[in-house]
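Listing of structure-v2.cif, mmCIF, C-alpha atoms and all ligand atoms
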data_start
loop_
_atom_site.label_atom_id
_atom_site.label_comp_id
_atom_site.auth_asym_id
_atom_site.auth_seq_id
_atom_site.Cartn_x
_atom_site.Cartn_y
_atom_site.Cartn_z
CA MET Z 1 5.58 91.91 -66.74
CA ASN Z 2 3.79 92.57 -63.50
CA HIS Z 3 5.40 90.48 -60.76
CA ALA Z 4 3.60 91.90 -57.77
CA ILE Z 5 -0.05 91.83 -58.70
CA ALA Z 6 -1.11 88.53 -60.10
CA SER Z 7 -4.85 88.90 -60.51
CA SER Z 8 -5.53 92.52 -59.66
CA PRO Z 9 -7.25 94.83 -62.13
CA THR Z 10 -4.98 96.96 -64.29
CA LEU Z 11 -3.88 100.33 -62.98
CA ALA Z 12 -5.57 102.00 -65.95
CA GLN Z 13 -8.89 100.46 -64.87
CA ARG Z 14 -8.32 101.57 -61.31
CA SER Z 15 -7.38 105.12 -62.15
CA SER Z 16 -10.56 105.35 -64.24
CA GLY Z 17 -12.50 104.60 -61.04
CA LEU Z 18 -14.03 101.40 -62.47
CA GLN Z 19 -12.28 99.08 -60.05
CA PRO Z 20 -12.28 98.73 -56.26
CA HIS Z 21 -9.51 100.28 -54.25
CA TRP Z 22 -6.38 98.14 -53.97
CA THR Z 23 -5.72 96.20 -50.79
CA LEU Z 24 -2.54 95.05 -49.08
CA ASP Z 25 -2.96 91.48 -50.30
CA TRP Z 26 -2.49 92.72 -53.87
CA ILE Z 27 1.16 93.28 -52.98
CA ASP Z 28 3.21 90.10 -53.05
CA TYR Z 29 6.02 90.94 -50.65
CA SER Z 30 7.49 87.46 -51.05
CA ARG Z 31 8.54 88.44 -54.58
CA ILE Z 32 10.64 91.44 -53.58
CA CYS Z 33 14.10 91.30 -55.17
CA THR Z 34 15.84 92.32 -51.94
CA GLY Z 35 19.27 92.39 -53.58
CA LEU Z 36 18.12 95.24 -55.84
CA VAL Z 37 17.21 97.56 -52.97
CA HIS Z 38 18.80 96.53 -49.67
CA ASP Z 39 22.09 98.43 -50.08
CA ASN Z 40 20.45 101.54 -51.46
CA VAL Z 41 20.80 103.98 -48.55
CA GLU Z 42 18.76 106.71 -50.25
CA LEU Z 43 15.87 104.35 -50.85
CA PHE Z 44 15.94 103.14 -47.24
CA TYR Z 45 15.60 106.74 -46.03
CA LEU Z 46 12.98 107.74 -48.60
CA LEU Z 47 10.71 104.74 -47.99
CA THR Z 48 11.04 104.66 -44.22
CA SER Z 49 10.40 108.38 -43.73
CA ALA Z 50 7.38 108.11 -46.07
CA SER Z 51 6.07 105.13 -44.07
CA PHE Z 52 6.29 107.26 -40.89
CA ILE Z 53 4.45 110.28 -42.29
CA GLU Z 54 1.73 108.14 -43.90
CA SER Z 55 1.26 106.15 -40.69
CA GLY Z 56 0.95 109.39 -38.74
CA SER Z 57 -1.99 110.57 -40.90
CA GLU Z 58 -4.41 109.57 -38.15
CA THR Z 59 -3.50 112.63 -36.10
CA TYR Z 60 -4.01 114.92 -39.06
CA THR Z 61 -7.38 113.46 -39.98
CA ARG Z 62 -8.87 114.13 -36.58
CA ASN Z 63 -7.83 117.77 -36.85
CA LEU Z 64 -9.03 118.13 -40.41
CA VAL Z 65 -12.39 116.46 -39.74
CA GLU Z 66 -12.92 118.87 -36.86
CA HIS Z 67 -11.89 121.79 -39.06
CA PHE Z 68 -14.45 120.87 -41.73
CA GLU Z 69 -17.30 119.74 -39.50
CA ALA Z 70 -19.55 122.42 -41.02
CA TYR Z 71 -19.09 120.71 -44.42
CA PRO Z 72 -20.25 117.08 -44.02
CA PRO Z 73 -19.31 115.90 -47.54
CA ILE Z 74 -15.70 116.94 -46.88
CA SER Z 75 -15.47 115.60 -43.32
CA ASP Z 76 -17.13 112.31 -44.37
CA TRP Z 77 -14.73 111.86 -47.24
CA LEU Z 78 -11.76 112.64 -44.99
CA GLN Z 79 -12.87 110.12 -42.40
CA HIS Z 80 -14.11 107.31 -44.59
CA GLN Z 81 -11.84 107.45 -47.63
CA TRP Z 82 -8.86 109.73 -47.28
CA GLU Z 83 -7.71 108.53 -43.86
CA PRO Z 84 -8.07 104.77 -44.53
CA GLU Z 85 -6.13 105.22 -47.78
CA GLU Z 86 -3.31 107.19 -46.17
CA LEU Z 87 -3.05 104.64 -43.36
CA GLN Z 88 -2.98 101.87 -45.93
CA HIS Z 89 -0.03 103.63 -47.60
CA GLY Z 90 1.68 103.63 -44.21
CA ARG Z 91 1.05 99.92 -43.62
CA ALA Z 92 2.11 98.94 -47.14
CA LEU Z 93 5.36 100.91 -46.91
CA LYS Z 94 6.05 99.68 -43.39
CA THR Z 95 5.71 96.06 -44.54
CA TYR Z 96 8.05 96.76 -47.47
CA VAL Z 97 10.65 98.34 -45.17
CA GLN Z 98 10.38 95.53 -42.61
CA THR Z 99 10.73 92.91 -45.36
CA VAL Z 100 13.83 94.46 -46.94
CA TRP Z 101 15.49 95.83 -43.77
CA PRO Z 102 14.47 93.46 -40.93
CA GLU Z 103 17.48 94.72 -38.92
CA PHE Z 104 15.77 98.14 -38.62
CA ASP Z 105 13.53 98.49 -35.55
CA TRP Z 106 10.60 100.17 -37.31
CA GLU Z 107 8.29 100.16 -34.27
CA ALA Z 108 10.81 101.81 -31.95
CA ALA Z 109 11.84 104.42 -34.52
CA TYR Z 110 8.20 105.18 -35.36
CA ALA Z 111 7.27 105.58 -31.68
CA SER Z 112 10.12 108.06 -31.31
CA PHE Z 113 9.03 109.93 -34.48
CA PHE Z 114 5.37 109.97 -33.43
CA SER Z 115 6.04 111.45 -30.00
CA GLU Z 116 7.52 114.53 -31.72
CA TYR Z 117 5.28 114.62 -34.81
CA SER Z 118 1.96 114.32 -32.94
CA ARG Z 119 2.74 117.45 -30.95
CA LEU Z 120 2.90 119.47 -34.20
CA CYS Z 121 -0.47 118.32 -35.54
CA THR Z 122 -2.75 120.80 -33.88
CA VAL Z 123 -5.74 122.65 -35.25
CA GLU Z 124 -3.80 125.92 -34.90
CA GLU Z 125 -1.45 124.68 -37.63
CA LEU Z 126 -4.32 124.62 -40.12
CA GLU Z 127 -5.33 127.58 -42.31
CA GLU Z 128 -8.24 129.31 -40.62
CA GLU Z 129 -9.99 130.03 -43.92
CA ARG Z 130 -11.38 126.64 -45.00
CA PRO Z 131 -10.75 127.12 -48.75
CA LEU Z 132 -7.13 128.01 -47.97
CA GLU Z 133 -6.66 124.82 -45.95
CA LEU Z 134 -7.92 122.94 -49.00
CA VAL Z 135 -5.27 124.76 -51.09
CA ALA Z 136 -2.69 123.67 -48.52
CA ARG Z 137 -3.91 120.07 -48.83
CA CYS Z 138 -3.53 120.34 -52.62
CA VAL Z 139 0.12 121.28 -52.03
CA VAL Z 140 0.64 118.23 -49.81
CA GLU Z 141 -1.01 115.87 -52.28
CA THR Z 142 1.01 117.38 -55.15
CA GLY Z 143 4.11 116.65 -53.11
CA THR Z 144 3.15 113.05 -52.39
CA ALA Z 145 1.97 112.33 -55.95
CA THR Z 146 5.29 113.53 -57.39
CA TYR Z 147 7.27 111.79 -54.62
CA TYR Z 148 5.77 108.37 -55.38
CA GLN Z 149 6.07 108.93 -59.12
CA THR Z 150 9.78 109.57 -58.59
CA LEU Z 151 10.15 106.50 -56.37
CA ARG Z 152 8.37 104.40 -58.98
CA ASP Z 153 10.67 105.64 -61.72
CA LEU Z 154 13.96 105.40 -59.86
CA THR Z 155 13.60 101.84 -58.62
CA GLY Z 156 14.26 98.77 -60.68
CA GLU Z 157 12.58 96.62 -58.04
CA PRO Z 158 9.23 95.47 -59.51
CA VAL Z 159 7.23 95.07 -56.25
CA LEU Z 160 8.23 98.57 -55.14
CA ALA Z 161 7.47 100.03 -58.57
CA ASP Z 162 3.93 98.57 -58.40
CA LEU Z 163 3.39 99.69 -54.83
CA ALA Z 164 4.60 103.22 -55.60
CA GLU Z 165 2.25 103.36 -58.59
CA HIS Z 166 -0.77 102.30 -56.50
CA ILE Z 167 0.02 104.98 -53.95
CA ARG Z 168 0.71 107.61 -56.63
CA ILE Z 169 -2.74 107.04 -58.15
CA ASP Z 170 -4.35 107.48 -54.71
CA GLU Z 171 -2.45 110.72 -54.12
CA VAL Z 172 -3.56 112.12 -57.47
CA GLN Z 173 -7.16 111.24 -56.57
CA HIS Z 174 -6.72 112.97 -53.19
CA TYR Z 175 -5.44 116.07 -54.96
CA LYS Z 176 -8.49 116.02 -57.25
CA HIS Z 177 -10.87 115.77 -54.29
CA PHE Z 178 -9.24 118.60 -52.37
CA TYR Z 179 -9.13 120.75 -55.50
CA ARG Z 180 -12.82 120.12 -56.22
CA TYR Z 181 -13.79 120.91 -52.63
CA PHE Z 182 -11.65 124.07 -52.78
CA LYS Z 183 -13.51 125.23 -55.88
CA GLU Z 184 -16.87 124.53 -54.25
CA LEU Z 185 -16.05 126.39 -51.05
CA ASN Z 186 -14.28 129.22 -52.77
CA ALA Z 187 -17.26 129.81 -55.04
CA GLU Z 188 -18.93 131.24 -51.91
CA ARG Z 189 -15.88 132.98 -50.44
CA ASN Z 190 -14.18 134.15 -53.64
CA LEU Z 191 -10.79 134.65 -51.99
CA SER Z 192 -8.25 136.77 -53.84
CA ARG Z 193 -5.34 135.23 -55.77
CA GLY Z 194 -3.00 136.96 -53.36
CA ARG Z 195 -4.48 135.05 -50.42
CA ILE Z 196 -4.44 131.75 -52.32
CA LEU Z 197 -0.82 132.35 -53.29
CA GLY Z 198 -0.02 133.06 -49.63
CA ALA Z 199 -1.45 129.68 -48.58
CA LEU Z 200 0.47 127.95 -51.37
CA LYS Z 201 3.72 129.55 -50.26
CA ARG Z 202 3.19 128.84 -46.57
CA ARG Z 203 2.53 125.14 -47.15
CA LEU Z 204 5.35 124.79 -49.66
CA THR Z 205 7.80 126.23 -47.13
CA GLU Z 206 6.55 123.84 -44.45
CA LEU Z 207 6.84 120.87 -46.81
CA ARG Z 208 10.51 121.59 -47.24
CA THR Z 209 11.26 122.04 -43.57
CA SER Z 210 9.00 120.14 -41.22
CA ASP Z 211 7.38 116.73 -41.77
CA SER Z 212 10.07 115.10 -43.83
CA ASP Z 213 12.91 116.49 -41.69
CA ILE Z 214 11.37 115.11 -38.50
CA ALA Z 215 10.76 111.72 -40.11
CA LEU Z 216 14.27 111.56 -41.58
CA ARG Z 217 15.87 112.52 -38.27
CA HIS Z 218 14.15 109.64 -36.47
CA VAL Z 219 15.11 107.21 -39.23
CA TRP Z 220 18.70 108.43 -38.89
CA MET Z 221 18.65 108.00 -35.07
CA PHE Z 222 17.61 104.35 -35.43
CA GLN Z 223 19.32 103.46 -38.69
CA PRO Z 224 20.89 100.00 -38.84
CA HIS Z 225 24.38 99.42 -40.18
CA LEU Z 226 24.29 100.53 -43.80
CA ASP Z 227 27.32 100.95 -46.05
CA GLY Z 228 27.63 104.61 -47.00
CA ALA Z 229 25.52 105.86 -44.11
CA ASP Z 230 27.50 104.96 -40.98
CA ASP Z 231 28.88 107.96 -39.10
CA VAL Z 232 27.49 110.33 -41.71
CA PRO Z 233 26.06 113.49 -40.08
CA PHE Z 234 22.32 113.95 -40.42
CA GLU Z 235 22.70 117.14 -42.49
CA HIS Z 236 24.80 115.29 -45.07
CA ILE Z 237 22.18 112.57 -45.38
CA THR Z 238 19.36 115.07 -45.96
CA GLN Z 239 21.42 117.05 -48.48
CA ARG Z 240 22.14 113.83 -50.36
CA LEU Z 241 18.43 112.94 -50.38
CA TYR Z 242 17.22 116.36 -51.52
CA ARG Z 243 19.72 116.28 -54.35
CA HIS Z 244 18.86 112.67 -55.20
CA MET Z 245 15.11 113.34 -55.31
CA GLY Z 246 15.22 116.98 -56.40
CA ALA Z 247 16.94 116.19 -59.67
CA ARG Z 248 14.31 113.59 -60.51
CA LEU Z 249 11.03 115.12 -59.34
CA PRO Z 250 8.55 115.74 -62.19
CA MET Z 251 8.63 119.44 -61.41
CA GLU Z 252 6.75 120.63 -64.48
CA GLN Z 253 3.77 118.50 -63.50
CA ALA Z 254 4.00 119.62 -59.87
CA VAL Z 255 4.01 123.30 -60.88
CA LYS Z 256 0.93 122.74 -63.08
CA MET Z 257 -0.92 121.14 -60.13
CA LEU Z 258 0.16 123.90 -57.74
CA LEU Z 259 -0.96 126.69 -60.06
CA LYS Z 260 -4.46 125.30 -60.62
CA PRO Z 261 -6.13 126.81 -57.51
CA LEU Z 262 -4.98 130.25 -58.68
CA ALA Z 263 -7.20 129.88 -61.77
CA LEU Z 264 -4.86 132.07 -63.79
CA PRO Z 265 -5.74 133.04 -67.34
CA HIS Z 266 -4.48 130.25 -69.59
CA ARG Z 267 -1.85 132.37 -71.36
CA MET Z 268 -0.39 133.67 -68.11
CA GLU Z 269 -0.26 130.16 -66.65
CA HIS Z 270 1.59 128.96 -69.71
CA TRP Z 271 3.97 131.93 -69.52
CA ILE Z 272 5.05 131.41 -65.89
CA GLU Z 273 5.14 127.60 -65.79
CA ARG Z 274 8.66 127.22 -67.14
CA PRO Z 275 10.46 129.82 -64.99
CA LEU Z 276 8.62 128.49 -61.93
CA THR Z 277 9.65 124.94 -62.76
CA LEU Z 278 13.31 126.00 -62.98
CA LEU Z 279 13.04 127.97 -59.75
CA ALA Z 280 11.41 125.05 -57.90
CA ARG Z 281 14.15 122.73 -59.08
CA ARG Z 282 16.84 125.10 -57.78
CA VAL Z 283 15.09 125.51 -54.40
CA ILE Z 284 14.74 121.76 -53.87
CA ALA Z 285 18.28 120.91 -54.93
CA ALA Z 286 19.83 123.75 -52.90
FE FE Z 301 -0.38 108.82 -48.87
FE FE Z 302 -2.76 111.63 -49.98
#
Whole structure, structure tokens version:
Amino acid sequence: MNHAIASSPTLAQRSSGLQPHWTLDWIDYSRICTGLVHDNVELFYLLTSASFIESGSETYTRNLVEHFEAYPPISDWLQHQWEPEELQHGRALKTYVQTVWPEFDWEAAYASFFSEYSRLCTVEELEEERPLELVARCVVETGTATYYQTLRDLTGEPVLADLAEHIRIDEVQHYKHFYRYFKELNAERNLSRGRILGALKRRLTELRTSDSDIALRHVWMFQPHLDGADDVPFEHITQRLYRHMGARLPMEQAVKMLLKPLALPHRMEHWIERPLTLLARRVIAA
């Protein structure tokens, strides 16, 4: 039974594009079963760091819009759909965190996070070749889609499960947009697989080391008293989280999404999917 969304359209309708985009008032925060989530240290870290990164999307959008100003359909979509949706994810997650952990000073921790994070979001960080930046965005959206799918599946808290599913659907749609734009732009440029693979690898490495680490560090600096987290060094917390999430991520699906921009022959794609899935699992859990 759906506790969180009383009269909203079904997720199947939404994902088919027949329904309007969800809004914050679809989420009934008053029905959160706080007892099911409050003492879950991993969940506190995973949700709060995600709320920081989503809320910081504003900085990224400005850079991306500028980067794609020669392609109005892409820059318009980034400005008018992608950014509002990412910011909505940030607001929805922030409200969830503030409802379950009111003792955590979200605003102060976010301000601290943002002062460091905003300095990293510069145009120089983007791939100079526009199709390659779109490949990099596909990597990010693959990461977020699988992240929210994992959150949805690991929580028994119904409001969070619904919220994670709404966000997951958005992230999959973002991936599809970036992938479509990549194909359109690359039809003109026809970049080699080697260059596409290079962009994939660069962004995958960054995913593992930058955004989430910064967000987690600022959550850790401001964390309230939580059983199982007090006096635990930051490195131990992150190792725990990578193991916790890494074992559960739908890696096979992520690998499929990551391989798509390479447009490999079907048989080859099929042949390398499994070893890559195993490798990705080992890298994340390491
Ligand atoms: Fe998002
Ligand atoms: Fe997204």
Requested in this report: Could you tell me, counting only C-alpha atoms and all ligand atoms, which protein and nucleic acid residues lie no more than 10 Å from ligand FE 301 (chain Z), written as an MDAnalysis selection string?
Outcome: chainID Z and resid 50:51 53:55 57 82:90 93 140:141 143:145 148 167:172 174
Report task. Could you tell me how far CA of Lys201 in chain Z lies from CA of Ala187 in chain Z, in Å and to one decimal? Result ->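 Separation between CA of Lys201 in chain Z and CA of Ala187 in chain Z: 21.5 Å.
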Report task. Please measure the separation of CA of Leu64 in chain Z and CA of Ala111 in chain Z, giving the value in Å to one decimal. Result ->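 If I compute the distance from CA of Leu64 in chain Z to CA of Ala111 in chain Z, I get 22.3 Å.
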Query - Residue nearest His38 in chain Z - candidates Z:Arg248, Z:His225, Z:Arg281, Z:Arg267, atoms counted: all atoms listed in the file - result: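 Closest to His38 in chain Z, using all atoms listed in the file: Z:His225.
Excluding Leu185 in chain Z itself and any same-chain residue fewer than 2 positions from it, the protein and nucleic acid residues within 12 Å of it, counting all atoms listed in the file, are Phe68, Ala70, Tyr71, Pro73, Ile74, Glu129, Arg130, Pro131, Leu132, Glu133, Leu134, Val135, Phe178, Tyr179, Arg180, Tyr181, Phe182, Lys183, Ala187, Glu188, Arg189, Asn190, Leu191 and Pro261 of chain Z.
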May I have the centre and edge lengths, in Å to one decimal, of an axis-aligned box around the listed atoms of range 86-96 of chain Z with 5 Å added to every side, as JSON?
{"center_x": 2.4, "center_y": 101.6, "center_z": -45.5, "size_x": 21.4, "size_y": 21.1, "size_z": 14.2}
Report summary line: Nearest to ligand FE 302 (chain Z), restricted to all atoms listed in the file and choosing among Z:Val139, Z:Ile27, Z:Leu207, Z:Ala109, comes out as Z:Val139
Requested in this report: May I have the residues within 12 Å of Asn63 in chain Z as a PyMOL selection string, using all atoms listed in the file and disregarding those fewer than 3 positions away in the same chain?
Outcome: chain Z and resi 57-60+66-69+75+78-79+83+118+120-127+133
Report summary line: The residue from Z:Trp22, Z:Tyr29, Z:Phe52, Z:Tyr242 with the smallest atom-to-atom distance to Tyr147 in chain Z, counting all atoms listed in the file, is Z:Tyr242
Query - Nearest to ligand FE 302 (chain Z) by atom-to-atom distance, counting only C-alpha atoms and all ligand atoms, from Z:Pro20, Z:Pro158, Z:Lys176, Z:Gly35 - result: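 Comparing Z:Pro20, Z:Pro158, Z:Lys176, Z:Gly35 against ligand FE 302 (chain Z), the winner is Z:Lys176.
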